[in-house]
There are 2 protein chains.
Amino acid sequence: MGQGVTIQSVERAFRILGCFAGSIPELGITDISRQMGLGKSTIYGLVNTLVQEGYLEQNPENKCYRLGLKLFEMGCIVQERMDIRELAKPYLKELSACFKMTVHMGLYKDYEVVYIDKVDAPDTRIVYSQVGKRAPMYCTGIGKAVLAELEQREIEFLLEGQKREPLTPHTLTAKDDILRELEGIRQRGYAIDNEEVELGLKCVASAIYDYQGKPAAAISISSSAVRMTEEQIREASCRLKKAAEDISRKLGYRGS
Amino acid sequence: MGQGVTIQSVERAFRILGCFAGSIPELGITDISRQMGLGKSTIYGLVNTLVQEGYLEQNPENKCYRLGLKLFEMGCIVQERMDIRELAKPYLKELSACFKMTVHMGLYKDYEVVYIDKVDAPDTRIVYSQVGKRAPMYCTGIGKAVLAELEQREIEFLLEGQKREPLTPHTLTAKDDILRELEGIRQRGYAIDNEEVELGLKCVASAIYDYQGKPAAAISISSSAVRMTEEQIREASCRLKKAAEDISRKLGYRGS
DNA sequence: AACATCGTTCGGTATTATAGAACAATCAGG
DNA sequence: CCTGATTGTTCTATAATACCGAACGATGTT
């Protein structure tokens, strides 16, 4: 992680931004000061700079701070430049429309999955949005689909390095179980999340490869467990694999 | 602008991020160094820190840097917390479906408009996305709708402070012309962009008020000039005003 | 093969961020 | 209405820290 030169005050500034990623959207100077373990005046200067740059804004009523619009603006720019996202969008839409289920796309980044897009099922009422969120590799459909296709060294490293918690009774946490599961994924060409992250929720996922042949992302079709029958899984996995292959090819992948 | 304490290195770090907001998505150390007018080693340290925090990432091929995924993640969080956005979404969808035109929502921020959401017309092929972008007040529908409802002092200050360029032959730039236009907007209750920002593009816009009664945002219906007939403008403005009022009321506005 | 340009490293210097105490403003409770 | 404990903010001395210029090795170009 921490390699090379680090400018202390800049690092601190971003750690302050990180404080606002939690569940509490508004924080005061004292809150931040406590959370960071630094003096109030130090935080004050940093926060002031963040406000000037538009990355934080101050609620004039209670003097508390919250994340600023600039982050939204910059986030939009990043979004526009993610060509894999634009490229995959029509496939996601088609899959969602075809199966009337929710479709996700996740990027492999820093040994985790970052959800970068989704298309909700047409009948979705409550939207439990995941876009922008991170998720672990070992128990999500998208995570496992990517994990299975990584180099053996990287798989080992990944499974060694992180602790795994059982999110449901179905979650695999033992290293051997996961390795066996990954072997199955490689043979089938797609991964299944069998209520491993949330009870009553199943999904099918398939990996997307970049021009170097490395798994860079994955797409998934998810639905309530009752609707996701064996029959549906067969059909969905087939269409999903086809879509993932097409996207990979458009990214410059020349493989199987 | 620059009030209070400023931490130099933090300010510089964010100015570096700003360099990537332009049209060139990848920059090298030397590029940034030139653009910032600072030594390479100074930039190197700052960029390194930005990479460590995930706000920049390095392309391993050409060693160049680009905006990092962390900005996307943080942008998504900001997006989630914009309650006005969630609140207005159904109205935008309905307006778009009803008129088969594109609907935008813009926030008033720092004497400019920031587009925070849109719903494309159903038949839209090319998507010239504006979400996340800023736009001037004096010539856009959303900008004028908000501008007209600001306090006279603020209007004066705003019109004094910025230079206005005619984007099309229809753009109003003279202060007196604009003041007269704003008077008309206040009387009608909605603003019209009559090909003032792009030839062949018209739009109707109406302001949204926050709980303090101040204009905080606006929504607009836009379409090609040929489709936007007098008849359409009458109907659209009527529905638009109704929607804007409803949204304002949900934000806590208690007014006319 | 010489040259130019790139990203990166190094170390002395003094600018700059830091921390702690004091400030005014606000709020809660008696 | 006053007290007392918060809050965000300002100030200042200190020394830690970010800065710069020059040098490095690696690429790629002429």
# chains A, B, ... in the order shown; residues from 1 in each chain; ligands from 1

$ interface_residues --of "chain A" --to "chain D" --cutoff "9 Å" --atoms "only C-alpha atoms (C1' of nucleotides)" --output "PyMOL selection string"
chain A and resi 7-8+28-30+41+44+63

$ residues_around --residues "segment 206-213 of chain B" --least-positions-apart "6" --cutoff "12 Å" --atoms "only C-alpha atoms (C1' of nucleotides)" --output "MDAnalysis selection string"
(chainID A and resid 61) or (chainID B and resid 83:85 87:88 103:108 113 140:151 185:186 188:193 219:222 236:256)

$ atom_distance --atom1 "atom CA of Ala13 of chain B" --atom2 "atom C1' of DG11 of chain C"
23.2 Å

$ interface_residues --of "chain A" --to "chain B" --cutoff "8 Å" --atoms "only C-alpha atoms" --output "MDAnalysis selection string"
chainID A and resid 1:7 9:11 13:14 21 25 45:46 48:50 52:53 67:69 71:79 81 131:133

$ closest_residue --among "B:Asn194, B:Gln162, B:Ser224, B:Ser33" --to "chain C" --atoms "only C-alpha atoms (C1' of nucleotides)"
B:Ser33

$ select_by_dssp --residues "segment 7-253 of chain B" --states "strand (DSSP E or B)" --output "MDAnalysis selection string"
chainID B and resid 27 56:58 65:67 102:109 112:119 134:135 191:194 201:209 215:224

$ write_last_selection --atoms "C-alpha atoms" --output "PDB file, in the first residue's frame"
ATOM      1  CA  LEU B  27      -1.692  13.393 -18.014  1.00  0.00           C
ATOM      2  CA  LEU B  56      -5.806   9.059  -9.259  1.00  0.00           C
ATOM      3  CA  GLU B  57      -4.567   5.901 -10.915  1.00  0.00           C
ATOM      4  CA  GLN B  58      -1.564   5.240 -13.060  1.00  0.00           C
ATOM      5  CA  TYR B  65      -2.201   9.258 -14.640  1.00  0.00           C
ATOM      6  CA  ARG B  66      -5.977   9.425 -14.826  1.00  0.00           C
ATOM      7  CA  LEU B  67      -8.832  10.030 -12.395  1.00  0.00           C
ATOM      8  CA  THR B 102     -35.765  15.339 -22.365  1.00  0.00           C
ATOM      9  CA  VAL B 103     -36.149  16.641 -18.820  1.00  0.00           C
ATOM     10  CA  HIS B 104     -33.313  18.153 -16.772  1.00  0.00           C
ATOM     11  CA  MET B 105     -32.864  19.212 -13.187  1.00  0.00           C
ATOM     12  CA  GLY B 106     -30.221  21.747 -12.172  1.00  0.00           C
ATOM     13  CA  LEU B 107     -29.022  22.972  -8.798  1.00  0.00           C
ATOM     14  CA  TYR B 108     -28.077  26.593  -8.114  1.00  0.00           C
ATOM     15  CA  LYS B 109     -24.555  26.575  -6.729  1.00  0.00           C
ATOM     16  CA  GLU B 112     -23.868  28.748 -11.570  1.00  0.00           C
ATOM     17  CA  VAL B 113     -26.112  25.843 -12.418  1.00  0.00           C
ATOM     18  CA  VAL B 114     -25.035  22.241 -11.861  1.00  0.00           C
ATOM     19  CA  TYR B 115     -27.078  19.656 -13.721  1.00  0.00           C
ATOM     20  CA  ILE B 116     -27.788  16.894 -11.232  1.00  0.00           C
ATOM     21  CA  ASP B 117     -30.237  14.669 -13.080  1.00  0.00           C
ATOM     22  CA  LYS B 118     -32.004  14.095 -16.350  1.00  0.00           C
ATOM     23  CA  VAL B 119     -34.390  11.754 -18.069  1.00  0.00           C
ATOM     24  CA  ARG B 134     -21.933  23.293 -14.895  1.00  0.00           C
ATOM     25  CA  ALA B 135     -23.656  25.938 -16.992  1.00  0.00           C
ATOM     26  CA  ALA B 191     -38.446  30.687 -18.307  1.00  0.00           C
ATOM     27  CA  ILE B 192     -37.868  29.963 -21.963  1.00  0.00           C
ATOM     28  CA  ASP B 193     -34.582  29.206 -23.641  1.00  0.00           C
ATOM     29  CA  ASN B 194     -35.212  30.302 -27.196  1.00  0.00           C
ATOM     30  CA  LEU B 201     -32.807  23.747 -29.233  1.00  0.00           C
ATOM     31  CA  LYS B 202     -35.565  25.254 -27.120  1.00  0.00           C
ATOM     32  CA  CYS B 203     -36.589  24.628 -23.557  1.00  0.00           C
ATOM     33  CA  VAL B 204     -39.033  25.634 -20.851  1.00  0.00           C
ATOM     34  CA  ALA B 205     -37.916  25.805 -17.217  1.00  0.00           C
ATOM     35  CA  SER B 206     -39.440  26.489 -13.820  1.00  0.00           C
ATOM     36  CA  ALA B 207     -37.842  27.111 -10.431  1.00  0.00           C
ATOM     37  CA  ILE B 208     -37.975  24.928  -7.322  1.00  0.00           C
ATOM     38  CA  TYR B 209     -37.908  26.542  -3.877  1.00  0.00           C
ATOM     39  CA  PRO B 215     -34.905  29.224  -5.355  1.00  0.00           C
ATOM     40  CA  ALA B 216     -32.589  26.245  -5.008  1.00  0.00           C
ATOM     41  CA  ALA B 217     -32.992  24.469  -8.315  1.00  0.00           C
ATOM     42  CA  ALA B 218     -35.081  24.276 -11.466  1.00  0.00           C
ATOM     43  CA  ILE B 219     -36.410  21.685 -13.869  1.00  0.00           C
ATOM     44  CA  SER B 220     -36.693  22.017 -17.598  1.00  0.00           C
ATOM     45  CA  ILE B 221     -38.264  20.347 -20.599  1.00  0.00           C
ATOM     46  CA  SER B 222     -36.185  20.647 -23.726  1.00  0.00           C
ATOM     47  CA  SER B 223     -36.599  19.620 -27.307  1.00  0.00           C
ATOM     48  CA  SER B 224     -35.744  20.530 -30.853  1.00  0.00           C
TER      49      SER B 224
END

$ interface_residues --of "chain C" --to "chain B" --cutoff "9 Å" --atoms "only C-alpha atoms (C1' of nucleotides)" --output "PDB file with C-alpha atoms (C1' of nucleotides), in the first residue's frame"
ATOM      1  C1'  DC C   6      10.077  10.863 -19.510  1.00  0.00           C
ATOM      2  C1'  DG C   7       9.096   9.427 -14.389  1.00  0.00           C
ATOM      3  C1'  DT C   8      11.541   9.006 -10.273  1.00  0.00           C
ATOM      4  C1'  DT C  16       4.552  25.735   6.130  1.00  0.00           C
ATOM      5  C1'  DA C  17       1.632  22.846   8.708  1.00  0.00           C
TER       6       DA C  17
END

$ select_by_dssp --residues "segment 55-124 of chain A" --states "helix (DSSP H, G or I)" --output "ChimeraX atom specification"
/A:69-81,83-99

$ residues_around --residues "Thr171 of chain A" --least-positions-apart "3" --cutoff "12 Å" --atoms "only C-alpha atoms (C1' of nucleotides)" --output "ChimeraX atom specification"
/A:136-141,144,164-168,174-175,177-178,181,192-199

$ write_last_selection --atoms "N, CA and C atoms" --output "PDB file, in the first residue's frame"
ATOM      1  N   PRO A 136     -16.990  -7.863  -1.097  1.00  0.00           N
ATOM      2  CA  PRO A 136     -15.911  -8.844  -1.043  1.00  0.00           C
ATOM      3  C   PRO A 136     -15.974  -9.827  -2.210  1.00  0.00           C
ATOM      4  N   MET A 137     -14.856 -10.492  -2.467  1.00  0.00           N
ATOM      5  CA  MET A 137     -14.756 -11.416  -3.604  1.00  0.00           C
ATOM      6  C   MET A 137     -15.347 -12.779  -3.306  1.00  0.00           C
ATOM      7  N   TYR A 138     -15.173 -13.259  -2.081  1.00  0.00           N
ATOM      8  CA  TYR A 138     -15.353 -14.678  -1.819  1.00  0.00           C
ATOM      9  C   TYR A 138     -16.805 -15.140  -1.792  1.00  0.00           C
ATOM     10  N   CYS A 139     -17.749 -14.201  -1.641  1.00  0.00           N
ATOM     11  CA  CYS A 139     -19.126 -14.642  -1.465  1.00  0.00           C
ATOM     12  C   CYS A 139     -20.114 -14.055  -2.452  1.00  0.00           C
ATOM     13  N   THR A 140     -19.681 -13.066  -3.256  1.00  0.00           N
ATOM     14  CA  THR A 140     -20.615 -12.508  -4.229  1.00  0.00           C
ATOM     15  C   THR A 140     -20.451 -13.200  -5.576  1.00  0.00           C
ATOM     16  N   GLY A 141     -21.506 -13.195  -6.352  1.00  0.00           N
ATOM     17  CA  GLY A 141     -21.452 -13.820  -7.669  1.00  0.00           C
ATOM     18  C   GLY A 141     -20.377 -13.189  -8.530  1.00  0.00           C
ATOM     19  N   LYS A 144     -16.831 -13.946  -7.194  1.00  0.00           N
ATOM     20  CA  LYS A 144     -16.359 -15.310  -7.443  1.00  0.00           C
ATOM     21  C   LYS A 144     -16.061 -15.540  -8.922  1.00  0.00           C
ATOM     22  N   ARG A 164     -12.750 -13.857   6.369  1.00  0.00           N
ATOM     23  CA  ARG A 164     -14.049 -14.059   5.728  1.00  0.00           C
ATOM     24  C   ARG A 164     -15.115 -14.321   6.777  1.00  0.00           C
ATOM     25  N   GLU A 165     -16.200 -13.581   6.657  1.00  0.00           N
ATOM     26  CA  GLU A 165     -17.286 -13.769   7.603  1.00  0.00           C
ATOM     27  C   GLU A 165     -18.473 -14.395   6.894  1.00  0.00           C
ATOM     28  N   PRO A 166     -19.140 -15.337   7.538  1.00  0.00           N
ATOM     29  CA  PRO A 166     -20.323 -15.938   6.943  1.00  0.00           C
ATOM     30  C   PRO A 166     -21.509 -14.976   7.032  1.00  0.00           C
ATOM     31  N   LEU A 167     -21.925 -14.459   5.882  1.00  0.00           N
ATOM     32  CA  LEU A 167     -23.030 -13.496   5.872  1.00  0.00           C
ATOM     33  C   LEU A 167     -24.375 -14.209   6.009  1.00  0.00           C
ATOM     34  N   THR A 168     -24.414 -15.452   5.541  1.00  0.00           N
ATOM     35  CA  THR A 168     -25.598 -16.293   5.710  1.00  0.00           C
ATOM     36  C   THR A 168     -25.095 -17.700   5.997  1.00  0.00           C
ATOM     37  N   ALA A 174     -14.335 -21.451   4.418  1.00  0.00           N
ATOM     38  CA  ALA A 174     -13.125 -22.271   4.464  1.00  0.00           C
ATOM     39  C   ALA A 174     -12.406 -22.213   3.122  1.00  0.00           C
ATOM     40  N   LYS A 175     -11.102 -22.048   3.189  1.00  0.00           N
ATOM     41  CA  LYS A 175     -10.312 -21.878   1.971  1.00  0.00           C
ATOM     42  C   LYS A 175     -10.500 -23.044   0.999  1.00  0.00           C
ATOM     43  N   ASP A 177     -13.007 -25.139   0.680  1.00  0.00           N
ATOM     44  CA  ASP A 177     -14.340 -25.090   0.064  1.00  0.00           C
ATOM     45  C   ASP A 177     -14.367 -24.094  -1.091  1.00  0.00           C
ATOM     46  N   ILE A 178     -13.759 -22.934  -0.856  1.00  0.00           N
ATOM     47  CA  ILE A 178     -13.772 -21.890  -1.883  1.00  0.00           C
ATOM     48  C   ILE A 178     -12.975 -22.330  -3.105  1.00  0.00           C
ATOM     49  N   GLU A 181     -15.009 -24.609  -5.049  1.00  0.00           N
ATOM     50  CA  GLU A 181     -16.053 -23.830  -5.712  1.00  0.00           C
ATOM     51  C   GLU A 181     -15.510 -23.131  -6.969  1.00  0.00           C
ATOM     52  N   ILE A 192     -22.231 -18.959  -9.332  1.00  0.00           N
ATOM     53  CA  ILE A 192     -23.561 -18.851  -8.735  1.00  0.00           C
ATOM     54  C   ILE A 192     -23.439 -18.357  -7.307  1.00  0.00           C
ATOM     55  N   ASP A 193     -24.245 -17.368  -6.982  1.00  0.00           N
ATOM     56  CA  ASP A 193     -24.362 -16.965  -5.585  1.00  0.00           C
ATOM     57  C   ASP A 193     -25.647 -17.575  -5.048  1.00  0.00           C
ATOM     58  N   ASN A 194     -25.467 -18.603  -4.215  1.00  0.00           N
ATOM     59  CA  ASN A 194     -26.600 -19.376  -3.723  1.00  0.00           C
ATOM     60  C   ASN A 194     -27.015 -18.881  -2.345  1.00  0.00           C
ATOM     61  N   GLU A 195     -27.608 -17.720  -2.303  1.00  0.00           N
ATOM     62  CA  GLU A 195     -28.009 -17.116  -1.030  1.00  0.00           C
ATOM     63  C   GLU A 195     -26.815 -16.998  -0.076  1.00  0.00           C
ATOM     64  N   GLU A 196     -25.664 -16.694  -0.638  1.00  0.00           N
ATOM     65  CA  GLU A 196     -24.456 -16.638   0.179  1.00  0.00           C
ATOM     66  C   GLU A 196     -24.235 -15.261   0.787  1.00  0.00           C
ATOM     67  N   VAL A 197     -24.876 -14.260   0.220  1.00  0.00           N
ATOM     68  CA  VAL A 197     -24.674 -12.913   0.754  1.00  0.00           C
ATOM     69  C   VAL A 197     -25.953 -12.410   1.424  1.00  0.00           C
ATOM     70  N   GLU A 198     -27.102 -12.896   0.930  1.00  0.00           N
ATOM     71  CA  GLU A 198     -28.354 -12.552   1.586  1.00  0.00           C
ATOM     72  C   GLU A 198     -29.351 -13.679   1.349  1.00  0.00           C
ATOM     73  N   LEU A 199     -30.021 -14.081   2.402  1.00  0.00           N
ATOM     74  CA  LEU A 199     -30.975 -15.180   2.273  1.00  0.00           C
ATOM     75  C   LEU A 199     -32.115 -14.779   1.344  1.00  0.00           C
TER      76      LEU A 199
END

$ atom_distance --atom1 "atom CA of Leu92 of chain A" --atom2 "atom CA of Asp123 of chain B"
18.7 Å

$ atom_distance --atom1 "atom CA of Glu154 of chain A" --atom2 "atom CA of Arg180 of chain A"
16.0 Å

$ decode --residues "segment 200-215 of chain A" --atoms "N, CA and C atoms" --output "compact mmCIF listing (two decimals), in the first residue's frame"
# COMPACT_ATOMS: atom_id res chain seq x y z
N GLY A 200 -32.48 -15.69 0.47
CA GLY A 200 -33.58 -15.42 -0.45
C GLY A 200 -33.13 -14.74 -1.73
N LEU A 201 -31.82 -14.55 -1.87
CA LEU A 201 -31.31 -13.87 -3.06
C LEU A 201 -30.26 -14.73 -3.76
N LYS A 202 -30.54 -15.07 -5.01
CA LYS A 202 -29.59 -15.85 -5.80
C LYS A 202 -29.13 -15.02 -6.99
N CYS A 203 -27.95 -15.37 -7.50
CA CYS A 203 -27.53 -14.73 -8.74
C CYS A 203 -26.56 -15.59 -9.52
N VAL A 204 -26.47 -15.28 -10.81
CA VAL A 204 -25.55 -15.95 -11.72
C VAL A 204 -24.62 -14.88 -12.27
N ALA A 205 -23.32 -15.19 -12.36
CA ALA A 205 -22.37 -14.17 -12.80
C ALA A 205 -21.33 -14.75 -13.74
N SER A 206 -20.84 -13.91 -14.63
CA SER A 206 -19.83 -14.37 -15.58
C SER A 206 -18.79 -13.27 -15.79
N ALA A 207 -17.53 -13.67 -15.95
CA ALA A 207 -16.42 -12.73 -15.99
C ALA A 207 -16.24 -12.08 -17.36
N ILE A 208 -15.70 -10.85 -17.34
CA ILE A 208 -15.35 -10.11 -18.54
C ILE A 208 -13.84 -9.93 -18.55
N TYR A 209 -13.21 -10.14 -19.72
CA TYR A 209 -11.76 -10.07 -19.81
C TYR A 209 -11.32 -8.84 -20.58
N ASP A 210 -10.20 -8.24 -20.17
CA ASP A 210 -9.67 -7.10 -20.92
C ASP A 210 -8.77 -7.60 -22.05
N TYR A 211 -8.13 -6.67 -22.75
CA TYR A 211 -7.35 -7.02 -23.93
C TYR A 211 -6.11 -7.86 -23.60
N GLN A 212 -5.75 -7.85 -22.30
CA GLN A 212 -4.61 -8.66 -21.88
C GLN A 212 -5.03 -10.07 -21.48
N GLY A 213 -6.34 -10.31 -21.54
CA GLY A 213 -6.84 -11.63 -21.17
C GLY A 213 -7.06 -11.79 -19.68
N LYS A 214 -6.89 -10.67 -18.94
CA LYS A 214 -7.10 -10.75 -17.50
C LYS A 214 -8.55 -10.42 -17.16
N PRO A 215 -9.12 -11.11 -16.17
CA PRO A 215 -10.50 -10.81 -15.78
C PRO A 215 -10.55 -9.43 -15.13
